[in-house]
>>> print(open('run18.txt').read())   # compact mmCIF, C-alpha atoms and all ligand atoms
# COMPACT_ATOMS: atom_id res chain seq x y z
CA MET A 1 83.94 147.58 125.46
CA VAL A 2 82.35 150.98 125.10
CA SER A 3 82.13 152.72 128.43
CA GLU A 4 78.59 154.13 128.33
CA PRO A 5 76.41 152.18 130.78
CA SER A 6 73.42 152.25 128.44
CA GLY A 7 75.65 150.68 125.71
CA GLN A 8 73.08 149.67 123.12
CA ALA A 9 71.10 152.91 123.07
CA VAL A 10 74.21 155.00 122.54
CA THR A 11 76.23 152.75 120.30
CA GLY A 12 73.92 150.44 118.38
CA ALA A 13 73.08 150.52 114.69
CA GLY A 14 69.88 152.39 115.57
CA ALA A 15 71.89 155.26 117.06
CA VAL A 16 73.97 155.50 113.87
CA LEU A 17 70.80 155.58 111.78
CA ALA A 18 69.32 158.27 114.08
CA ILE A 19 72.26 160.54 113.21
CA LEU A 20 71.77 160.01 109.47
CA ARG A 21 68.02 160.72 109.61
CA ASP A 22 68.66 164.46 109.28
CA GLY A 23 69.27 163.73 105.60
CA ARG A 24 73.00 164.52 105.52
CA ALA A 25 75.37 161.80 104.32
CA ARG A 26 78.42 161.16 106.50
CA THR A 27 81.70 159.27 106.22
CA ARG A 28 82.85 156.51 108.59
CA ALA A 29 85.25 158.97 110.18
CA GLU A 30 82.50 161.53 110.81
CA LEU A 31 80.25 158.87 112.32
CA ALA A 32 83.09 157.60 114.52
CA GLN A 33 83.63 161.13 115.79
CA LEU A 34 79.91 161.72 116.42
CA THR A 35 79.33 158.42 118.25
CA GLY A 36 82.69 158.02 119.96
CA LEU A 37 82.90 154.52 118.46
CA ALA A 38 85.96 152.94 116.87
CA ARG A 39 85.91 153.19 113.10
CA SER A 40 85.78 149.39 112.81
CA THR A 41 82.67 149.35 115.01
CA VAL A 42 81.06 152.03 112.85
CA SER A 43 81.75 149.80 109.84
CA HIS A 44 79.98 146.87 111.53
CA ARG A 45 76.97 149.07 112.29
CA LEU A 46 76.86 150.36 108.73
CA ASP A 47 77.12 146.82 107.34
CA ALA A 48 74.17 145.78 109.49
CA LEU A 49 72.14 148.79 108.34
CA MET A 50 73.13 148.30 104.69
CA SER A 51 72.16 144.61 104.79
CA GLN A 52 68.56 145.80 105.09
CA ARG A 53 69.10 148.89 102.92
CA TRP A 54 68.23 151.33 105.77
CA VAL A 55 71.47 153.02 104.75
CA VAL A 56 73.10 153.26 101.31
CA PRO A 57 76.51 154.51 100.21
CA THR A 58 76.09 157.76 98.30
CA GLU A 59 77.40 158.37 94.81
CA ASP A 60 79.48 161.35 95.86
CA ALA A 61 82.52 160.48 97.85
CA ILE A 62 83.59 163.21 100.25
CA SER A 63 87.17 164.37 99.82
CA SER A 64 89.01 165.67 102.84
CA GLY A 65 92.31 166.45 101.17
CA GLY A 66 93.62 162.93 100.73
CA ARG A 67 91.82 159.90 99.28
CA PRO A 68 88.09 160.55 98.86
CA ALA A 69 86.01 158.73 101.51
CA VAL A 70 82.66 157.06 100.86
CA ALA A 71 79.71 158.72 102.58
CA PHE A 72 76.59 156.93 103.82
CA ALA A 73 73.02 158.19 103.75
CA PHE A 74 69.66 157.26 105.23
CA ASN A 75 67.58 155.50 102.55
CA GLU A 76 64.17 157.18 102.83
CA ASN A 77 62.75 154.97 100.09
CA VAL A 78 63.50 151.60 101.66
CA ARG A 79 60.02 151.30 103.18
CA VAL A 80 56.71 153.16 103.05
CA VAL A 81 54.24 154.24 105.72
CA LEU A 82 50.46 154.13 105.37
CA ALA A 83 48.49 156.86 107.13
CA ALA A 84 44.76 157.37 107.61
CA ASP A 85 43.00 160.30 109.27
CA LEU A 86 39.41 159.18 109.80
CA GLY A 87 36.87 161.87 110.67
CA ALA A 88 33.15 161.66 111.38
CA THR A 89 32.16 161.83 107.73
CA HIS A 90 35.34 162.12 105.68
CA ALA A 91 38.76 160.54 105.59
CA ARG A 92 42.19 161.36 104.25
CA LEU A 93 44.66 158.61 103.32
CA ALA A 94 48.30 158.82 102.34
CA VAL A 95 51.28 156.68 101.37
CA LEU A 96 54.52 158.32 102.52
CA ASP A 97 58.22 157.54 102.39
CA LEU A 98 60.33 157.54 105.55
CA GLY A 99 61.27 161.19 104.99
CA LEU A 100 57.50 161.89 105.20
CA ASP A 101 57.16 162.91 101.57
CA VAL A 102 53.63 162.11 100.39
CA LEU A 103 53.76 159.60 97.50
CA ALA A 104 50.00 159.18 97.08
CA GLU A 105 47.02 160.81 98.76
CA ARG A 106 43.23 160.52 98.76
CA ALA A 107 40.43 162.46 100.43
CA VAL A 108 37.06 160.72 100.44
CA GLU A 109 33.62 160.78 102.03
CA LEU A 110 33.64 157.92 104.54
CA PRO A 111 31.07 157.84 107.35
CA ILE A 112 32.68 156.46 110.51
CA ASP A 113 29.26 155.28 111.76
CA ALA A 114 29.31 152.53 109.09
CA GLY A 115 31.21 150.60 111.78
CA PRO A 116 34.79 149.34 112.09
CA GLU A 117 34.75 146.36 109.72
CA ALA A 118 33.15 148.22 106.81
CA THR A 119 35.37 151.28 107.32
CA LEU A 120 38.66 149.47 107.88
CA GLY A 121 37.88 146.89 105.16
CA TRP A 122 37.47 149.73 102.68
CA LEU A 123 40.69 151.25 103.98
CA VAL A 124 42.71 148.09 103.22
CA GLY A 125 41.44 148.04 99.63
CA ALA A 126 42.18 151.74 99.14
CA PHE A 127 45.71 151.36 100.55
CA GLU A 128 46.40 148.45 98.16
CA GLU A 129 45.29 150.58 95.20
CA MET A 130 47.40 153.53 96.35
CA LEU A 131 50.47 151.30 96.82
CA ALA A 132 49.99 149.98 93.28
CA GLU A 133 49.80 153.59 91.99
CA THR A 134 53.22 154.29 93.52
CA GLY A 135 54.75 151.01 92.31
CA ARG A 136 54.93 149.58 95.84
CA ASP A 137 53.34 146.60 97.57
CA LEU A 138 52.30 145.51 101.06
CA GLY A 139 55.72 143.89 101.63
CA GLN A 140 57.32 147.35 101.70
CA VAL A 141 54.98 148.76 104.36
CA CYS A 142 56.81 149.28 107.67
CA GLY A 143 53.76 150.47 109.61
CA VAL A 144 50.30 151.99 109.54
CA GLY A 145 49.16 155.04 111.51
CA VAL A 146 45.46 155.67 112.10
CA GLY A 147 43.75 158.71 113.61
CA LEU A 148 40.22 158.24 114.94
CA PRO A 149 37.61 160.89 115.85
CA GLY A 150 37.19 159.82 119.47
CA PRO A 151 39.08 158.75 122.60
CA VAL A 152 41.63 155.98 121.99
CA GLU A 153 43.60 154.00 124.53
CA HIS A 154 47.02 154.42 122.94
CA SER A 155 48.67 151.29 124.39
CA SER A 156 46.04 149.02 122.81
CA GLY A 157 44.92 151.33 119.99
CA ARG A 158 41.29 150.63 120.91
CA PRO A 159 38.58 153.31 120.94
CA VAL A 160 37.05 153.91 124.39
CA ASN A 161 33.32 154.82 124.45
CA PRO A 162 33.65 157.02 121.36
CA PRO A 163 30.49 159.17 121.22
CA ILE A 164 30.18 159.46 117.43
CA MET A 165 31.48 155.99 116.47
CA PRO A 166 28.77 153.37 117.00
CA GLY A 167 30.15 149.82 117.00
CA TRP A 168 33.77 150.92 117.55
CA ASP A 169 33.97 150.70 121.35
CA ALA A 170 36.99 148.52 122.25
CA PHE A 171 37.32 147.33 118.63
CA PRO A 172 40.89 145.96 118.16
CA VAL A 173 41.87 148.34 115.34
CA PRO A 174 45.63 147.49 115.34
CA GLU A 175 45.09 143.70 115.35
CA TRP A 176 42.35 143.77 112.72
CA LEU A 177 44.32 145.97 110.32
CA GLY A 178 47.67 144.40 111.18
CA GLU A 179 46.45 140.93 110.16
CA ARG A 180 45.39 142.20 106.76
CA ILE A 181 48.29 144.54 106.01
CA GLY A 182 51.07 142.54 107.67
CA ALA A 183 52.71 145.47 109.47
CA PRO A 184 52.46 147.09 112.91
CA VAL A 185 49.48 149.45 113.31
CA LEU A 186 49.34 152.39 115.72
CA ALA A 187 46.13 154.26 116.47
CA ASP A 188 45.45 157.46 118.37
CA ASN A 189 42.79 160.16 118.45
CA ASP A 190 42.78 162.65 115.59
CA VAL A 191 43.81 165.68 117.66
CA ASN A 192 46.91 163.93 119.02
CA ILE A 193 48.11 162.92 115.57
CA MET A 194 47.47 166.45 114.24
CA ALA A 195 49.62 167.79 117.10
CA LEU A 196 52.39 165.36 116.07
CA GLY A 197 52.13 166.58 112.47
CA GLU A 198 52.30 170.25 113.45
CA HIS A 199 55.21 169.58 115.80
CA TRP A 200 57.15 167.78 113.07
CA THR A 201 56.59 170.77 110.76
CA ALA A 202 57.55 173.28 113.45
CA GLY A 203 60.89 171.48 113.87
CA PRO A 204 62.78 170.08 116.84
CA ALA A 205 63.53 173.55 118.27
CA VAL A 206 59.86 173.81 119.32
CA ASP A 207 59.64 171.58 122.40
CA HIS A 208 56.41 172.80 123.99
CA LEU A 209 53.49 173.11 121.61
CA ILE A 210 49.72 173.11 122.01
CA PHE A 211 47.62 172.19 119.00
CA ILE A 212 43.96 173.17 119.39
CA LYS A 213 41.39 171.81 116.98
CA ILE A 214 38.18 173.79 116.60
CA GLY A 215 35.71 171.92 114.44
CA THR A 216 32.40 170.32 115.36
CA GLY A 217 33.93 169.95 118.84
CA ILE A 218 37.05 171.37 120.53
CA GLY A 219 40.08 169.42 121.70
CA CYS A 220 43.81 169.88 122.02
CA GLY A 221 47.00 167.88 121.59
CA ILE A 222 49.94 168.60 123.87
CA ILE A 223 53.62 168.32 122.95
CA ALA A 224 55.68 168.56 126.16
CA GLY A 225 59.47 168.34 126.04
CA GLY A 226 59.28 167.27 122.38
CA LYS A 227 56.94 164.35 123.10
CA LEU A 228 53.20 163.89 122.86
CA HIS A 229 51.67 164.05 126.33
CA ARG A 230 48.69 161.68 126.49
CA GLY A 231 48.11 161.68 130.24
CA ALA A 232 47.49 158.72 132.55
CA GLN A 233 44.51 157.35 130.59
CA GLY A 234 45.07 159.04 127.24
CA ALA A 235 42.47 161.70 128.00
CA ALA A 236 44.81 164.71 128.23
CA GLY A 237 43.85 167.77 126.21
CA ASP A 238 40.09 167.56 126.51
CA VAL A 239 39.70 171.33 126.79
CA GLY A 240 36.28 171.42 125.13
CA HIS A 241 34.55 170.68 128.41
CA ILE A 242 36.36 173.21 130.58
CA GLN A 243 33.84 175.56 132.15
CA VAL A 244 33.62 179.15 130.89
CA PRO A 245 31.45 181.85 132.51
CA SER A 246 29.66 182.93 129.30
CA ALA A 247 28.26 179.40 128.81
CA SER A 248 26.78 179.15 132.31
CA ASP A 249 23.24 178.51 131.07
CA THR A 250 24.07 176.57 127.90
CA VAL A 251 23.75 172.77 127.87
CA CYS A 252 26.67 170.95 126.23
CA ARG A 253 26.44 167.67 124.29
CA CYS A 254 28.29 166.04 127.21
CA GLY A 255 25.27 166.78 129.44
CA ASN A 256 26.95 169.43 131.58
CA VAL A 257 26.30 173.16 131.40
CA GLY A 258 28.92 175.82 130.87
CA CYS A 259 31.41 173.99 128.61
CA LEU A 260 33.69 175.88 126.19
CA GLU A 261 32.38 173.64 123.40
CA ALA A 262 28.81 174.81 124.04
CA VAL A 263 29.72 178.38 123.00
CA ALA A 264 32.83 178.20 120.80
CA SER A 265 32.62 175.03 118.66
CA GLY A 266 31.54 174.89 115.03
CA ALA A 267 28.41 173.00 116.09
CA SER A 268 27.45 175.67 118.63
CA MET A 269 28.04 178.51 116.15
CA ALA A 270 25.96 176.74 113.49
CA ALA A 271 23.18 176.33 116.06
CA ALA A 272 23.39 180.03 116.98
CA LEU A 273 23.10 180.97 113.30
CA ARG A 274 20.12 178.66 112.81
CA ALA A 275 18.45 180.36 115.78
CA GLN A 276 18.79 183.62 113.80
CA GLY A 277 17.16 182.00 110.78
CA VAL A 278 20.41 181.39 108.87
CA GLU A 279 20.92 178.00 107.24
CA ALA A 280 24.09 176.44 108.70
CA ARG A 281 24.58 172.69 109.26
CA GLY A 282 28.04 172.69 110.78
CA SER A 283 31.51 174.27 111.04
CA ARG A 284 32.16 174.31 107.29
CA ASP A 285 28.97 176.27 106.69
CA VAL A 286 29.96 178.78 109.37
CA VAL A 287 33.27 179.44 107.60
CA ALA A 288 31.55 179.54 104.20
CA LEU A 289 29.16 182.22 105.53
CA LEU A 290 32.10 184.22 106.88
CA ARG A 291 33.79 184.09 103.48
CA ALA A 292 30.57 185.22 101.84
CA GLY A 293 30.71 188.34 104.03
CA ASP A 294 28.09 187.40 106.65
CA SER A 295 28.66 189.70 109.62
CA ARG A 296 26.80 187.41 112.05
CA ALA A 297 29.21 184.55 111.27
CA ALA A 298 32.17 186.94 111.60
CA GLN A 299 30.98 188.13 114.99
CA LEU A 300 30.40 184.58 116.27
CA ILE A 301 33.85 183.45 115.16
CA ARG A 302 35.52 186.45 116.75
CA GLN A 303 33.66 185.78 120.00
CA ALA A 304 34.52 182.05 119.81
CA GLY A 305 38.17 183.10 119.48
CA ARG A 306 37.87 185.13 122.70
CA GLU A 307 36.25 182.17 124.52
CA VAL A 308 38.96 179.79 123.32
CA GLY A 309 41.57 182.41 124.23
CA ARG A 310 40.19 182.65 127.77
CA VAL A 311 40.75 178.91 128.34
CA MET A 312 44.09 178.99 126.52
CA ALA A 313 45.27 181.89 128.71
CA SER A 314 45.00 179.61 131.76
CA ILE A 315 46.79 176.85 129.87
CA VAL A 316 49.57 179.28 128.88
CA ASN A 317 50.06 180.25 132.53
CA PHE A 318 50.05 176.61 133.59
CA PHE A 319 52.06 174.99 130.78
CA ASN A 320 54.14 177.81 129.21
CA PRO A 321 54.11 176.60 125.59
CA SER A 322 56.28 178.33 122.99
CA THR A 323 53.76 177.77 120.20
CA ILE A 324 49.97 177.48 119.99
CA VAL A 325 48.65 176.18 116.67
CA LEU A 326 44.98 176.50 115.73
CA GLY A 327 43.54 173.86 113.41
CA GLY A 328 40.24 172.27 112.44
CA ASP A 329 37.54 173.65 110.14
CA ILE A 330 36.99 176.87 112.10
CA ALA A 331 40.72 177.73 111.91
CA GLU A 332 40.09 178.26 108.18
CA ALA A 333 38.51 181.52 109.33
CA GLY A 334 42.10 182.75 109.78
CA GLU A 335 42.52 186.20 111.30
CA HIS A 336 38.88 186.44 112.45
CA LEU A 337 39.53 183.59 114.89
CA LEU A 338 43.19 184.34 115.63
CA ALA A 339 42.47 187.96 116.57
CA GLY A 340 40.00 186.89 119.28
CA VAL A 341 42.35 184.20 120.61
CA ARG A 342 45.37 186.52 120.69
CA GLU A 343 43.44 189.37 122.29
CA THR A 344 42.42 187.28 125.31
CA ILE A 345 45.63 185.30 125.73
CA TYR A 346 47.83 188.41 125.72
CA SER A 347 45.58 190.29 128.13
CA ARG A 348 45.10 187.42 130.58
CA SER A 349 48.40 185.47 130.60
CA LEU A 350 51.52 186.34 132.52
CA PRO A 351 53.95 188.53 130.54
CA LEU A 352 56.83 186.10 131.01
CA ALA A 353 54.76 183.25 129.55
CA THR A 354 53.72 185.25 126.46
CA GLN A 355 57.06 187.00 125.84
CA HIS A 356 58.12 184.58 123.10
CA LEU A 357 54.77 182.90 122.48
CA THR A 358 53.75 182.26 118.88
CA ILE A 359 50.01 181.90 118.16
CA ARG A 360 49.29 180.86 114.60
CA ALA A 361 47.04 178.88 112.28
CA SER A 362 48.00 175.38 111.17
CA THR A 363 50.45 175.25 108.27
CA LEU A 364 49.48 171.70 107.30
CA GLY A 365 45.71 172.28 107.24
CA ASP A 366 43.81 169.15 106.17
CA ARG A 367 47.07 167.23 105.92
CA ALA A 368 48.08 167.57 109.60
CA GLY A 369 46.40 164.26 110.49
CA VAL A 370 48.04 162.04 107.88
CA ILE A 371 51.46 163.64 108.37
CA GLY A 372 51.10 163.17 112.14
CA ALA A 373 49.95 159.55 111.77
CA ALA A 374 53.07 158.91 109.68
CA VAL A 375 55.28 160.68 112.26
CA MET A 376 53.84 158.37 114.94
CA VAL A 377 54.76 155.30 112.86
CA VAL A 378 58.20 156.49 111.77
CA GLU A 379 59.21 157.43 115.33
CA HIS A 380 58.18 153.94 116.43
CA VAL A 381 59.75 151.98 113.57
CA LEU A 382 62.99 154.00 113.41
CA ALA A 383 63.49 154.28 117.18
CA PRO A 384 67.09 153.16 117.90
CA ASP A 385 65.90 150.15 119.92
CA SER A 386 63.56 149.02 117.12
CA ILE A 387 66.33 149.33 114.54
CA ASP A 388 68.81 147.48 116.78
CA GLN A 389 66.32 144.61 116.99
CA ALA A 390 65.54 144.73 113.28
CA VAL A 391 69.15 144.44 112.21
CA THR A 392 70.16 142.12 115.12
CA VAL A 393 73.76 143.23 115.40
CA ASP A 394 76.21 140.34 115.66
CA PRO A 395 77.19 140.18 119.39
CA ALA A 396 80.80 139.46 118.44
CA ALA A 397 80.91 142.81 116.70
CA VAL A 398 79.80 144.82 119.71
CA GLY A 399 82.38 147.01 121.04
ZN ZN A 401 30.70 169.54 127.69
>>> encode(input="run18.txt", output="structure tokens")
Amino acid sequence: MVSEPSGQAVTGAGAVLAILRDGRARTRAELAQLTGLARSTVSHRLDALMSQRWVVPTEDAISSGGRPAVAFAFNENVRVVLAADLGATHARLAVLDLGLDVLAERAVELPIDAGPEATLGWLVGAFEEMLAETGRDLGQVCGVGVGLPGPVEHSSGRPVNPPIMPGWDAFPVPEWLGERIGAPVLADNDVNIMALGEHWTAGPAVDHLIFIKIGTGIGCGIIAGGKLHRGAQGAAGDVGHIQVPSASDTVCRCGNVGCLEAVASGASMAAALRAQGVEARGSRDVVALLRAGDSRAAQLIRQAGREVGRVMASIVNFFNPSTIVLGGDIAEAGEHLLAGVRETIYSRSLPLATQHLTIRASTLGDRAGVIGAAVMVVEHVLAPDSIDQAVTVDPAAVG
């Protein structure tokens, strides 16, 4: 018997696969050394993984002086992931392999207020077409990740009183989609999945990351200790309704006065521009005006950056992240927004907390949501426990 008390987690087939997920092929001897398992046990684990093609022997044998040894690699193509990032009015869909390479992608106008059955029904048809484009079918789908523009109870994947999604409250998104696609479905709010996407891109060295989305509203996703922090009820990160002094006489859409969102969101900036006689419907128009050289839009964005920075400065002191990523439509304003955010964070946070702090714009842009939805699925499907169950290692071979 292997001595580790948590036997399966350390020594199962899933743990072997977890090592190979970095993309480097390894020999039996290397895997035995890395896991502390006997080489015969490693062979059993590899056989189990190869029986379902999670792992394949590579063409190039690795020579270590004597007889060349066969190396084994994670098979990123064995299954595909479906990802959907649904916004208020538009959606982005992707088919990805297990290495998170995008195989097919679509961005469409899709109003979420059409209701869950119309929206998700369309989604199933679109996914089938995209699978066909890539020469795949539903049988190869290992999971579906969905981001929704409202609060979601993560354990059930059901929206909870979503303000801009009529008809979606408590709708069983995972069950409804799962029945039609035949694979597990995970749902979360859009900001959380974007945070997962940005964290995956930043790499495992970044353990504490805050992703802040500034679009029509303002929200943030929190990566703590390498994991998404959802809070007790899944409501963590709702920074848009934190009180700021400059908004003390402004009414927010939540009904309160003084919220950050009431002075720094795309919706509030568009409203401020309209009050000055400028035509601006929402966040995209605000950024378009900035790009066209409108100084009023530039000033509003800079000031919004300072307001966001003021709230973030408190969060930096409290949470000590190593990276803050700005995303959402308004982040397209680039330096105009970043300058305001940086200015306030650096002047109001503790020096120790900002010493190695990176504040930057999203690198994934519009793709953060679908990449993050796929990360959520892959981490679930390829978790060592899930793989151990999937390959059901022969008990006689344990140990
Ligand atoms: Zn509010």
>>> closest_residue(input="run18.txt", among="A:Val251, A:Val316, A:Ile212, A:Ala297", to="ligand ZN 401 (chain A)", atoms="only C-alpha atoms and all ligand atoms")
A:Val251
>>> residues_around(input="run18.txt", residues="Phe211 in chain A", least_positions_apart="5", cutoff="7 Å", atoms="all atoms listed in the file", output="list in words")
Ala195, Cys220, Gly221, Ile222, Ile324, Val325 and Leu326 of chain A
>>> closest_residue(input="run18.txt", among="A:Ser268, A:Thr27, A:Ser349, A:Asn192", to="ligand ZN 401 (chain A)", atoms="all atoms listed in the file")
A:Ser268
>>> residues_near_ligand(input="run18.txt", ligand="ligand ZN 401 (chain A)", cutoff="10 Å", atoms="all atoms listed in the file", output="PDB file with C-alpha atoms, keeping the file's coordinate frame")
ATOM      1  CA  GLY A 217      33.930 169.950 118.840  1.00  0.00           C
ATOM      2  CA  ILE A 218      37.050 171.370 120.530  1.00  0.00           C
ATOM      3  CA  ASP A 238      40.090 167.560 126.510  1.00  0.00           C
ATOM      4  CA  VAL A 239      39.700 171.330 126.790  1.00  0.00           C
ATOM      5  CA  GLY A 240      36.280 171.420 125.130  1.00  0.00           C
ATOM      6  CA  HIS A 241      34.550 170.680 128.410  1.00  0.00           C
ATOM      7  CA  ILE A 242      36.360 173.210 130.580  1.00  0.00           C
ATOM      8  CA  GLN A 243      33.840 175.560 132.150  1.00  0.00           C
ATOM      9  CA  THR A 250      24.070 176.570 127.900  1.00  0.00           C
ATOM     10  CA  VAL A 251      23.750 172.770 127.870  1.00  0.00           C
ATOM     11  CA  CYS A 252      26.670 170.950 126.230  1.00  0.00           C
ATOM     12  CA  ARG A 253      26.440 167.670 124.290  1.00  0.00           C
ATOM     13  CA  CYS A 254      28.290 166.040 127.210  1.00  0.00           C
ATOM     14  CA  GLY A 255      25.270 166.780 129.440  1.00  0.00           C
ATOM     15  CA  ASN A 256      26.950 169.430 131.580  1.00  0.00           C
ATOM     16  CA  VAL A 257      26.300 173.160 131.400  1.00  0.00           C
ATOM     17  CA  GLY A 258      28.920 175.820 130.870  1.00  0.00           C
ATOM     18  CA  CYS A 259      31.410 173.990 128.610  1.00  0.00           C
ATOM     19  CA  LEU A 260      33.690 175.880 126.190  1.00  0.00           C
ATOM     20  CA  GLU A 261      32.380 173.640 123.400  1.00  0.00           C
ATOM     21  CA  ALA A 262      28.810 174.810 124.040  1.00  0.00           C
TER      22      ALA A 262
END
>>> atom_distance(input="run18.txt", atom1="CA of Glu198 in chain A", atom2="CA of Lys213 in chain A")
11.6 Å
>>> residues_around(input="run18.txt", residues="Thr35 in chain A", least_positions_apart="5", cutoff="10 Å", atoms="all atoms listed in the file", output="PyMOL selection string")
chain A and resi 10-12+15-16+19+30+42
>>> atom_distance(input="run18.txt", atom1="CA of His208 in chain A", atom2="CA of Ala313 in chain A")
15.1 Å
>>> closest_residue(input="run18.txt", among="A:Val341, A:Met269, A:Ala132, A:Leu34", to="Arg360 in chain A", atoms="only C-alpha atoms")
A:Val341
>>> atom_distance(input="run18.txt", atom1="CA of Met312 in chain A", atom2="CA of Ala298 in chain A")
20.7 Å
>>> closest_residue(input="run18.txt", among="A:Arg180, A:Gly234, A:Thr363, A:Gly215", to="Val160 in chain A", atoms="all atoms listed in the file")
A:Gly234
>>> residues_near_point(input="run18.txt", point="(26.9, 175.2, 115.4)", cutoff="10 Å", atoms="only C-alpha atoms", output="list in words")
Gly215, Thr216, Gly217, Glu261, Ala262, Val263, Ala264, Ser265, Gly266, Ala267, Ser268, Met269, Ala270, Ala271, Ala272, Leu273, Arg274, Ala275, Ala280, Arg281, Gly282, Ser283, Arg284, Asp285 and Val286 of chain A
>>> residues_around(input="run18.txt", residues="Gly178 in chain A", least_positions_apart="3", cutoff="12 Å", atoms="all atoms listed in the file", output="list in words")
Leu82, Leu120, Gly121, Val124, Leu138, Val141, Cys142, Gly143, Val144, Gly145, Val146, Gly157, Pro172, Val173, Pro174, Glu175, Ile181, Gly182, Ala183, Pro184, Val185, Leu186 and Ala187 of chain A
>>> closest_residue(input="run18.txt", among="A:Val370, A:Ala202, A:Leu382, A:Leu289", to="Ala91 in chain A", atoms="only C-alpha atoms")
A:Val370
>>> residues_around(input="run18.txt", residues="Phe318 in chain A", least_positions_apart="3", cutoff="12 Å", atoms="only C-alpha atoms", output="ChimeraX atom specification")
/A:311-315,321,349-350,352-354
>>> closest_residue(input="run18.txt", among="A:Arg136, A:Arg45, A:Arg106, A:Arg24", to="Asn77 in chain A", atoms="all atoms listed in the file")
A:Arg136
>>> residues_near_point(input="run18.txt", point="(57.5, 160.9, 117.2)", cutoff="12 Å", atoms="all atoms listed in the file", output="count of residues only")
34
>>> build_atoms(input="run18.txt", residues="range 209-221 of chain A", atoms="N, CA, C and O atoms", output="compact mmCIF listing (two decimals), in the coordinates of the input")
# COMPACT_ATOMS: atom_id res chain seq x y z
N LEU A 209 54.47 172.63 122.59
CA LEU A 209 53.49 173.11 121.61
C LEU A 209 52.10 172.62 121.98
O LEU A 209 51.92 171.49 122.43
N ILE A 210 51.12 173.50 121.83
CA ILE A 210 49.72 173.11 122.01
C ILE A 210 49.03 173.24 120.65
O ILE A 210 49.09 174.29 120.01
N PHE A 211 48.42 172.14 120.22
CA PHE A 211 47.62 172.19 119.00
C PHE A 211 46.16 172.16 119.42
O PHE A 211 45.74 171.25 120.15
N ILE A 212 45.38 173.17 119.02
CA ILE A 212 43.96 173.17 119.39
C ILE A 212 43.12 173.06 118.13
O ILE A 212 43.29 173.82 117.18
N LYS A 213 42.26 172.05 118.14
CA LYS A 213 41.39 171.81 116.98
C LYS A 213 39.99 172.34 117.29
O LYS A 213 39.38 171.94 118.28
N ILE A 214 39.53 173.26 116.44
CA ILE A 214 38.18 173.79 116.60
C ILE A 214 37.39 173.40 115.36
O ILE A 214 37.58 173.95 114.28
N GLY A 215 36.57 172.38 115.53
CA GLY A 215 35.71 171.92 114.44
C GLY A 215 34.33 171.77 115.02
O GLY A 215 33.85 172.66 115.73
N THR A 216 33.70 170.61 114.75
CA THR A 216 32.40 170.32 115.36
C THR A 216 32.53 170.41 116.88
O THR A 216 31.69 170.97 117.56
N GLY A 217 33.61 169.84 117.42
CA GLY A 217 33.93 169.95 118.84
C GLY A 217 35.24 170.71 119.02
O GLY A 217 35.76 171.30 118.06
N ILE A 218 35.77 170.70 120.25
CA ILE A 218 37.05 171.37 120.53
C ILE A 218 37.91 170.43 121.35
O ILE A 218 37.46 169.85 122.35
N GLY A 219 39.16 170.25 120.92
CA GLY A 219 40.08 169.42 121.70
C GLY A 219 41.49 169.90 121.47
O GLY A 219 41.73 170.69 120.54
N CYS A 220 42.44 169.47 122.29
CA CYS A 220 43.81 169.88 122.02
C CYS A 220 44.80 168.74 122.22
O CYS A 220 44.55 167.79 122.97
N GLY A 221 45.89 168.82 121.48
CA GLY A 221 47.00 167.88 121.59
C GLY A 221 48.17 168.61 122.20
O GLY A 221 48.40 169.78 121.88
